[in-house]
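Visitor: Please find data.txt (compact mmCIF, C-alpha atoms) on the next line:
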# COMPACT_ATOMS: atom_id res chain seq x y z
CA MET O 16 156.32 112.34 101.77
CA SER O 17 158.18 109.24 100.63
CA THR O 18 159.09 109.13 96.93
CA GLU O 19 161.36 106.13 96.89
CA THR O 20 161.07 104.37 93.55
CA HIS O 21 161.49 100.70 92.80
CA ALA O 22 160.32 98.04 90.39
CA PRO O 23 157.62 95.93 92.05
CA ASP O 24 157.80 92.21 91.27
CA THR O 25 154.31 91.38 92.54
CA ILE O 26 150.92 92.22 91.03
CA VAL O 27 147.67 91.92 92.97
CA LEU O 28 144.57 91.58 90.78
CA ILE O 29 141.30 92.46 92.56
CA HIS O 30 138.02 91.24 91.09
CA GLY O 31 134.65 92.97 91.11
CA PHE O 32 131.06 91.97 91.80
CA TRP O 33 129.14 89.31 89.86
CA VAL O 34 132.47 87.52 89.23
CA THR O 35 135.29 85.77 91.13
CA PRO O 36 139.10 85.70 90.76
CA ARG O 37 138.52 83.33 87.84
CA SER O 38 137.75 86.44 85.76
CA TRP O 39 141.47 87.29 85.95
CA GLU O 40 142.65 83.94 84.56
CA GLY O 41 144.04 85.44 81.35
CA TRP O 42 145.85 88.31 83.05
CA LYS O 43 147.27 86.10 85.79
CA ALA O 44 148.88 83.72 83.30
CA TYR O 45 150.00 86.61 81.07
CA TYR O 46 151.82 88.45 83.84
CA GLU O 47 153.25 85.26 85.31
CA ASN O 48 154.76 84.50 81.91
CA LYS O 49 156.51 87.86 82.18
CA GLY O 50 158.11 86.76 85.45
CA TYR O 51 155.83 88.45 87.97
CA ARG O 52 154.33 86.95 91.07
CA VAL O 53 150.58 87.40 90.59
CA LEU O 54 148.01 87.15 93.38
CA THR O 55 144.25 87.04 92.76
CA PRO O 56 142.75 87.15 96.25
CA ALA O 57 139.08 86.27 96.59
CA TYR O 58 136.71 88.15 98.84
CA PRO O 59 136.22 86.36 102.17
CA GLY O 60 134.12 83.29 101.47
CA PHE O 61 134.58 83.55 97.71
CA GLU O 62 137.36 80.98 97.64
CA ALA O 63 134.90 78.43 96.24
CA GLU O 64 134.53 77.92 92.51
CA VAL O 65 131.91 79.77 90.47
CA GLU O 66 129.73 76.69 90.27
CA ALA O 67 129.71 76.24 94.05
CA LEU O 68 128.83 79.89 94.70
CA ASN O 69 125.95 79.69 92.25
CA ALA O 70 124.70 76.56 93.99
CA ASP O 71 125.04 78.11 97.46
CA PRO O 72 125.41 81.92 97.45
CA ALA O 73 125.37 82.24 101.27
CA PRO O 74 129.05 83.37 101.40
CA ILE O 75 128.18 86.22 99.03
CA LEU O 76 125.43 87.46 101.34
CA ASN O 77 127.76 87.42 104.35
CA VAL O 78 130.51 89.61 102.90
CA THR O 79 130.85 93.36 103.59
CA VAL O 80 133.12 96.06 102.22
CA PRO O 81 135.10 96.35 105.50
CA LYS O 82 135.64 92.58 105.47
CA ILE O 83 136.85 92.73 101.87
CA ILE O 84 139.22 95.61 102.54
CA GLY O 85 140.52 93.98 105.71
CA HIS O 86 141.25 90.74 103.89
CA LEU O 87 143.00 92.50 101.01
CA LYS O 88 145.12 94.46 103.47
CA SER O 89 146.18 91.25 105.20
CA VAL O 90 147.25 89.75 101.87
CA ILE O 91 149.25 92.82 100.87
CA ALA O 92 150.79 93.27 104.33
CA GLU O 93 152.44 89.85 104.07
CA LEU O 94 154.37 90.84 100.95
CA PRO O 95 158.02 91.94 101.29
CA ALA O 96 157.42 95.10 99.23
CA PRO O 97 154.40 97.11 98.08
CA PRO O 98 152.87 95.54 94.95
CA ILE O 99 151.13 96.85 91.87
CA LEU O 100 147.37 96.88 92.53
CA ILE O 101 145.01 96.38 89.60
CA GLY O 102 141.28 96.28 90.31
CA HIS O 103 138.32 95.79 88.00
CA SER O 104 134.86 97.29 88.60
CA ALA O 105 134.22 97.15 92.37
CA GLY O 106 137.83 96.02 92.59
CA GLY O 107 138.76 99.43 91.19
CA ALA O 108 136.99 101.14 94.08
CA PHE O 109 138.73 98.79 96.50
CA THR O 110 142.05 99.63 94.84
CA GLN O 111 141.37 103.32 95.48
CA ILE O 112 140.59 102.62 99.13
CA LEU O 113 143.73 100.53 99.57
CA LEU O 114 145.91 103.24 98.02
CA ASP O 115 144.30 105.85 100.29
CA HIS O 116 145.14 103.66 103.29
CA GLY O 117 148.78 103.42 102.25
CA TYR O 118 148.82 100.01 100.57
CA GLY O 119 150.40 99.42 97.17
CA ALA O 120 153.21 101.03 95.20
CA VAL O 121 150.84 102.12 92.42
CA GLY O 122 147.26 101.42 91.40
CA VAL O 123 145.23 100.84 88.26
CA ALA O 124 141.42 100.89 88.29
CA LEU O 125 139.79 99.23 85.27
CA ASN O 126 136.20 100.33 84.59
CA SER O 127 136.10 101.25 88.25
CA ALA O 128 133.07 101.52 90.46
CA PRO O 129 132.99 105.00 91.99
CA THR O 130 134.10 105.88 95.48
CA GLU O 131 131.94 107.98 97.80
CA GLY O 132 130.99 111.40 96.49
CA VAL O 133 130.87 110.57 92.77
CA ARG O 134 127.29 111.39 91.82
CA VAL O 135 127.33 110.84 88.05
CA VAL O 136 124.70 108.21 87.19
CA PRO O 137 124.44 107.58 83.42
CA LEU O 138 121.27 105.90 82.15
CA SER O 139 123.20 102.83 81.02
CA GLN O 140 124.36 102.35 84.61
CA VAL O 141 120.80 102.61 85.88
CA LYS O 142 119.72 99.90 83.44
CA SER O 143 122.73 97.71 84.29
CA THR O 144 122.13 97.82 88.04
CA PHE O 145 118.32 97.74 87.86
CA PRO O 146 118.17 93.99 88.65
CA VAL O 147 119.44 94.91 92.14
CA LEU O 148 118.13 98.42 92.69
CA LYS O 149 114.58 97.78 91.48
CA SER O 150 113.62 96.63 94.98
CA PRO O 151 114.83 97.67 98.45
CA ALA O 152 114.22 94.07 99.49
CA ASN O 153 117.31 93.14 97.50
CA ARG O 154 119.41 94.76 100.24
CA HIS O 155 119.05 91.46 102.07
CA LYS O 156 119.52 89.15 99.08
CA THR O 157 122.05 87.94 96.57
CA VAL O 158 121.05 88.94 93.06
CA PRO O 159 122.17 87.06 89.94
CA LEU O 160 122.14 88.43 86.40
CA SER O 161 120.24 86.67 83.66
CA LEU O 162 122.12 86.09 80.41
CA GLU O 163 120.34 89.08 78.89
CA GLU O 164 121.24 91.30 81.88
CA TRP O 165 124.83 90.05 81.89
CA THR O 166 125.18 90.75 78.17
CA TYR O 167 123.98 94.33 78.55
CA ALA O 168 126.07 95.13 81.62
CA PHE O 169 129.27 93.15 81.00
CA THR O 170 129.65 91.81 77.46
CA ASN O 171 127.70 94.07 75.09
CA THR O 172 130.51 94.06 72.50
CA PHE O 173 131.03 90.28 72.52
CA THR O 174 129.25 87.87 70.18
CA PRO O 175 126.18 86.18 71.67
CA GLU O 176 128.08 82.91 71.83
CA GLU O 177 131.03 84.49 73.62
CA SER O 178 128.75 86.31 76.04
CA GLU O 179 126.93 83.14 77.03
CA ALA O 180 130.19 81.22 77.47
CA LEU O 181 131.58 83.94 79.74
CA TRP O 182 128.32 84.15 81.70
CA ARG O 183 128.49 80.42 82.39
CA ARG O 184 132.18 80.54 83.28
CA TYR O 185 132.37 83.73 85.37
CA ALA O 186 128.97 84.94 86.58
CA ILE O 187 127.81 84.64 90.19
CA PRO O 188 125.18 86.58 92.18
CA ALA O 189 126.09 89.92 93.74
CA ASN O 190 125.51 91.15 97.28
CA GLY O 191 122.48 93.43 97.04
CA GLY O 192 123.26 95.13 100.34
CA ILE O 193 126.69 96.34 99.20
CA LEU O 194 125.32 97.70 95.92
CA TRP O 195 122.48 99.48 97.71
CA GLY O 196 125.01 100.82 100.22
CA SER O 197 127.11 102.34 97.47
CA VAL O 198 124.07 104.18 96.14
CA LEU O 199 123.00 105.45 99.56
CA ALA O 200 126.52 106.48 100.58
CA ASN O 201 126.14 109.89 98.94
CA PHE O 202 122.98 110.63 100.91
CA GLN O 203 124.00 109.58 104.41
CA PRO O 204 125.96 111.68 106.95
CA GLY O 205 129.55 110.78 107.72
CA HIS O 206 132.04 108.61 105.88
CA GLN O 207 130.65 105.39 104.44
CA ASP O 208 132.43 102.19 103.37
CA THR O 209 133.74 103.52 100.06
CA TRP O 210 135.04 106.87 101.31
CA VAL O 211 138.55 107.98 100.35
CA ASP O 212 140.50 111.13 101.13
CA TYR O 213 140.71 112.85 97.75
CA ARG O 214 143.35 115.24 99.10
CA ASN O 215 145.73 112.55 100.37
CA ASN O 216 149.18 113.56 99.07
CA ASP O 217 150.73 110.33 100.37
CA ARG O 218 148.60 108.14 98.12
CA ALA O 219 150.46 106.19 95.45
CA PRO O 220 149.83 107.12 91.77
CA LEU O 221 146.54 105.98 90.25
CA LEU O 222 145.46 105.29 86.68
CA PHE O 223 141.81 105.00 85.68
CA VAL O 224 141.24 102.83 82.60
CA SER O 225 137.84 103.08 80.96
CA GLY O 226 136.24 101.11 78.14
CA SER O 227 134.32 103.40 75.80
CA GLU O 228 131.46 100.91 75.46
CA ASP O 229 131.11 100.07 79.17
CA HIS O 230 127.46 100.24 80.19
CA ILE O 231 127.67 99.65 83.93
CA MET O 232 130.68 101.90 84.69
CA PRO O 233 130.92 104.15 81.62
CA PRO O 234 133.68 106.70 80.98
CA ALA O 235 131.74 109.56 82.58
CA ILE O 236 132.03 107.81 85.94
CA GLN O 237 135.79 107.30 85.58
CA ARG O 238 136.33 110.94 84.62
CA SER O 239 134.21 112.21 87.50
CA ASN O 240 135.94 109.91 89.97
CA ALA O 241 139.38 111.06 88.80
CA ASP O 242 138.32 114.72 88.90
CA HIS O 243 137.44 114.36 92.58
CA TYR O 244 141.12 113.86 93.43
CA LYS O 245 142.69 117.15 94.49
CA SER O 246 146.00 115.83 95.80
CA ASP O 247 149.44 116.39 94.31
CA THR O 248 149.76 112.70 93.51
CA VAL O 249 149.57 111.48 89.91
CA THR O 250 146.00 110.65 88.84
CA GLU O 251 145.36 109.92 85.17
CA VAL O 252 142.59 108.58 82.95
CA LYS O 253 142.93 106.53 79.76
CA VAL O 254 140.00 105.44 77.58
CA TYR O 255 140.14 102.41 75.28
CA ASP O 256 137.78 102.57 72.34
CA GLY O 257 135.52 99.60 71.78
CA PHE O 258 136.01 97.90 75.14
CA PRO O 259 133.03 96.82 77.29
CA HIS O 260 132.81 96.38 81.04
CA LEU O 261 134.39 92.92 80.97
CA LEU O 262 137.55 94.50 79.63
CA PRO O 263 139.91 91.85 81.07
CA ALA O 264 138.44 89.23 78.73
CA TYR O 265 137.75 91.25 75.58
CA GLN O 266 139.71 90.75 72.37
CA GLY O 267 142.89 92.82 72.58
CA TRP O 268 143.08 92.82 76.38
CA GLN O 269 146.80 91.96 76.14
CA ARG O 270 147.48 95.46 74.81
CA VAL O 271 145.71 96.98 77.80
CA ALA O 272 147.60 94.66 80.16
CA ASP O 273 150.90 95.76 78.64
CA ASP O 274 149.98 99.44 78.73
CA VAL O 275 148.89 99.48 82.36
CA LEU O 276 151.92 97.47 83.47
CA ASP O 277 154.24 99.89 81.69
CA TRP O 278 152.44 102.85 83.29
CA ALA O 279 152.57 101.20 86.71
CA LEU O 280 156.29 100.50 86.49
CA ARG O 281 157.00 104.09 85.44
CA HIS O 282 155.00 105.55 88.31
CA ALA O 283 155.49 103.03 91.12
CA ARG O 284 156.74 104.32 94.45
CA THR O 285 156.79 103.30 98.07
CA PRO O 286 153.87 105.02 99.81
CA ALA O 287 154.03 106.14 103.42
CA ARG O 288 152.82 103.35 105.74
Just dump the structure as structure tokens.
Guide:
Amino acid sequence: MSTETHAPDTIVLIHGFWVTPRSWEGWKAYYENKGYRVLTPAYPGFEAEVEALNADPAPILNVTVPKIIGHLKSVIAELPAPPILIGHSAGGAFTQILLDHGYGAVGVALNSAPTEGVRVVPLSQVKSTFPVLKSPANRHKTVPLSLEEWTYAFTNTFTPEESEALWRRYAIPANGGILWGSVLANFQPGHQDTWVDYRNNDRAPLLFVSGSEDHIMPPAIQRSNADHYKSDTVTEVKVYDGFPHLLPAYQGWQRVADDVLDWALRHARTPAR
């Protein structure tokens, strides 16, 4: 097992569902000001602006998890050295998958969606995802969040004015088929799209960061996901009191950005490829 250490100079920020790379605008500028090269790759077809995707959500309906992972791999493979991977929400699950496949020097999953096998389903998550999961017909649709739904799931600790501003700036519909697939993954035979090898000793170190007030991916999910890992590789969990799901935009996010970067630099290594 390779344990070569180095200081990565590139950070890849991976967005989640119901948002685009625009949701990383604060972190991108913050890390760039520290001298890092920062990439915020969009899912295939998500290169358009938020306003365009709301006007025509067809690209959202066409995307799949394998397409997303394949695109992210192609972005990372072009880099001269393994980067720091930081994913939010579904991007946290994708970060886990990428690490399992040997990509990245270290990974951080912020309010991460669970990978296959994590069966904890808190009531707040049920309420947050109900706009999609209330109907099997949504497996073939894109599903937006109303301002009220967005506020509960993403911005429950923001002021009403802040929540509405962020909804207008960041929110897009989500792919109902992918969300339904993540729910059904634990009840279907064989490995599904979000499967990872929890015993992979060659995986790079992974930090789960959880906001205590997150409704859609609350701390119980992060703890359960982390507990599934049985490898010898570093896997840690840190909870930040008062933070909601949209942690990258909440007041005080700079402290979290500094903490996770410091952790990543201390634990980064070159994984086997």
Visitor: Counting all atoms listed in the file, which residue out of O:Gly132, O:Gly257, O:Pro175, O:Gly41 sits closest to O:Tyr244?
Guide: O:Gly132
Visitor: Do you know which residues are at most 8 Å from O:Ile91 counting only C-alpha atoms, after dropping those on the same chain fewer than 4 positions away, and could you put them as a list in words?
Guide: Leu87, Pro97, Pro98, Tyr118 and Gly119 of chain O
Visitor: So which residues fall inside 8 Å of (131.2, 86.4, 102.8) if we count only C-alpha atoms? Mind giving them as JSON, numbers by chain?
Guide: {"O": [58, 59, 60, 61, 73, 74, 75, 76, 77, 78, 79]}
Visitor: Work out how far atom CA of O:Val254 is from atom CA of O:Pro234, in Å to one decimal.
Guide: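 Interatomic distance here is 7.3 Å.
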Visitor: Which is closest to O:Arg52 among O:Glu40, O:Asp229, O:Glu163, O:Asp24, if we use only C-alpha atoms?
Guide: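 Closest to O:Arg52, using only C-alpha atoms: O:Asp24.
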Visitor: Could you check how far atom CA of O:His116 sits from atom CA of O:Ala279, in Å to one decimal?
Guide: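 So the two atoms, atom CA of O:His116 and atom CA of O:Ala279, lie 18.3 Å apart.
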Visitor: Hey, which of O:Leu162, O:Val141, O:Gln207, O:Leu262 ends up closest to O:Arg184? Count all atoms listed in the file.
Guide: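 Going through O:Leu162, O:Val141, O:Gln207, O:Leu262 one by one, the smallest distance to O:Arg184 is for O:Leu162.
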Visitor: Kindly extract all protein, DNA and RNA residues lying within 12 Å of the coordinates (142.8, 93.2, 68.7) given in the file, considering all atoms listed in the file, and supply them as a PyMOL selection string.
Guide: chain O and resi 255-258+264-271
Visitor: Mind rebuilding stretch 218-234 of chain O with N, CA, C and O atoms and writing that out as a CSV table (one decimal), in the frame of the given file?
Guide:
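File selection_24.csv, as written:
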chain,number,residue,atom,x,y,z
O,218,ARG,N,149.1,109.3,98.9
O,218,ARG,CA,148.6,108.1,98.1
O,218,ARG,C,149.5,107.8,96.9
O,218,ARG,O,150.1,108.8,96.3
O,219,ALA,N,149.7,106.6,96.6
O,219,ALA,CA,150.5,106.2,95.4
O,219,ALA,C,149.7,106.6,94.2
O,219,ALA,O,148.5,106.8,94.2
O,220,PRO,N,150.4,106.7,93.0
O,220,PRO,CA,149.8,107.1,91.8
O,220,PRO,C,148.7,106.2,91.4
O,220,PRO,O,148.7,105.0,91.6
O,221,LEU,N,147.7,106.7,90.6
O,221,LEU,CA,146.5,106.0,90.2
O,221,LEU,C,146.2,106.3,88.8
O,221,LEU,O,146.1,107.4,88.4
O,222,LEU,N,145.9,105.2,88.1
O,222,LEU,CA,145.5,105.3,86.7
O,222,LEU,C,144.1,104.7,86.6
O,222,LEU,O,143.8,103.6,87.0
O,223,PHE,N,143.1,105.5,86.0
O,223,PHE,CA,141.8,105.0,85.7
O,223,PHE,C,141.8,104.6,84.2
O,223,PHE,O,142.2,105.3,83.3
O,224,VAL,N,141.4,103.3,84.0
O,224,VAL,CA,141.2,102.8,82.6
O,224,VAL,C,139.8,102.6,82.3
O,224,VAL,O,139.1,101.9,83.1
O,225,SER,N,139.3,103.1,81.3
O,225,SER,CA,137.8,103.1,81.0
O,225,SER,C,137.6,102.5,79.6
O,225,SER,O,138.3,102.9,78.6
O,226,GLY,N,136.7,101.6,79.4
O,226,GLY,CA,136.2,101.1,78.1
O,226,GLY,C,135.1,102.0,77.6
O,226,GLY,O,134.1,102.3,78.3
O,227,SER,N,135.3,102.4,76.4
O,227,SER,CA,134.3,103.4,75.8
O,227,SER,C,132.9,102.8,75.7
O,227,SER,O,131.9,103.6,75.7
O,228,GLU,N,132.8,101.5,75.6
O,228,GLU,CA,131.5,100.9,75.5
O,228,GLU,C,130.9,100.3,76.8
O,228,GLU,O,129.9,99.6,76.7
O,229,ASP,N,131.5,100.6,77.9
O,229,ASP,CA,131.1,100.1,79.2
O,229,ASP,C,129.7,100.7,79.5
O,229,ASP,O,129.6,101.9,79.6
O,230,HIS,N,128.8,99.8,79.8
O,230,HIS,CA,127.5,100.2,80.2
O,230,HIS,C,127.3,100.5,81.7
O,230,HIS,O,126.7,101.4,82.1
O,231,ILE,N,127.9,99.6,82.5
O,231,ILE,CA,127.7,99.6,83.9
O,231,ILE,C,128.6,100.7,84.6
O,231,ILE,O,128.1,101.3,85.6
O,232,MET,N,129.8,100.9,84.1
O,232,MET,CA,130.7,101.9,84.7
O,232,MET,C,131.3,102.7,83.5
O,232,MET,O,132.5,102.6,83.3
O,233,PRO,N,130.5,103.5,82.8
O,233,PRO,CA,130.9,104.2,81.6
O,233,PRO,C,131.9,105.2,81.9
O,233,PRO,O,132.2,105.6,83.0
O,234,PRO,N,132.6,105.7,80.8
O,234,PRO,CA,133.7,106.7,81.0
O,234,PRO,C,133.3,107.9,81.8
O,234,PRO,O,134.2,108.5,82.5
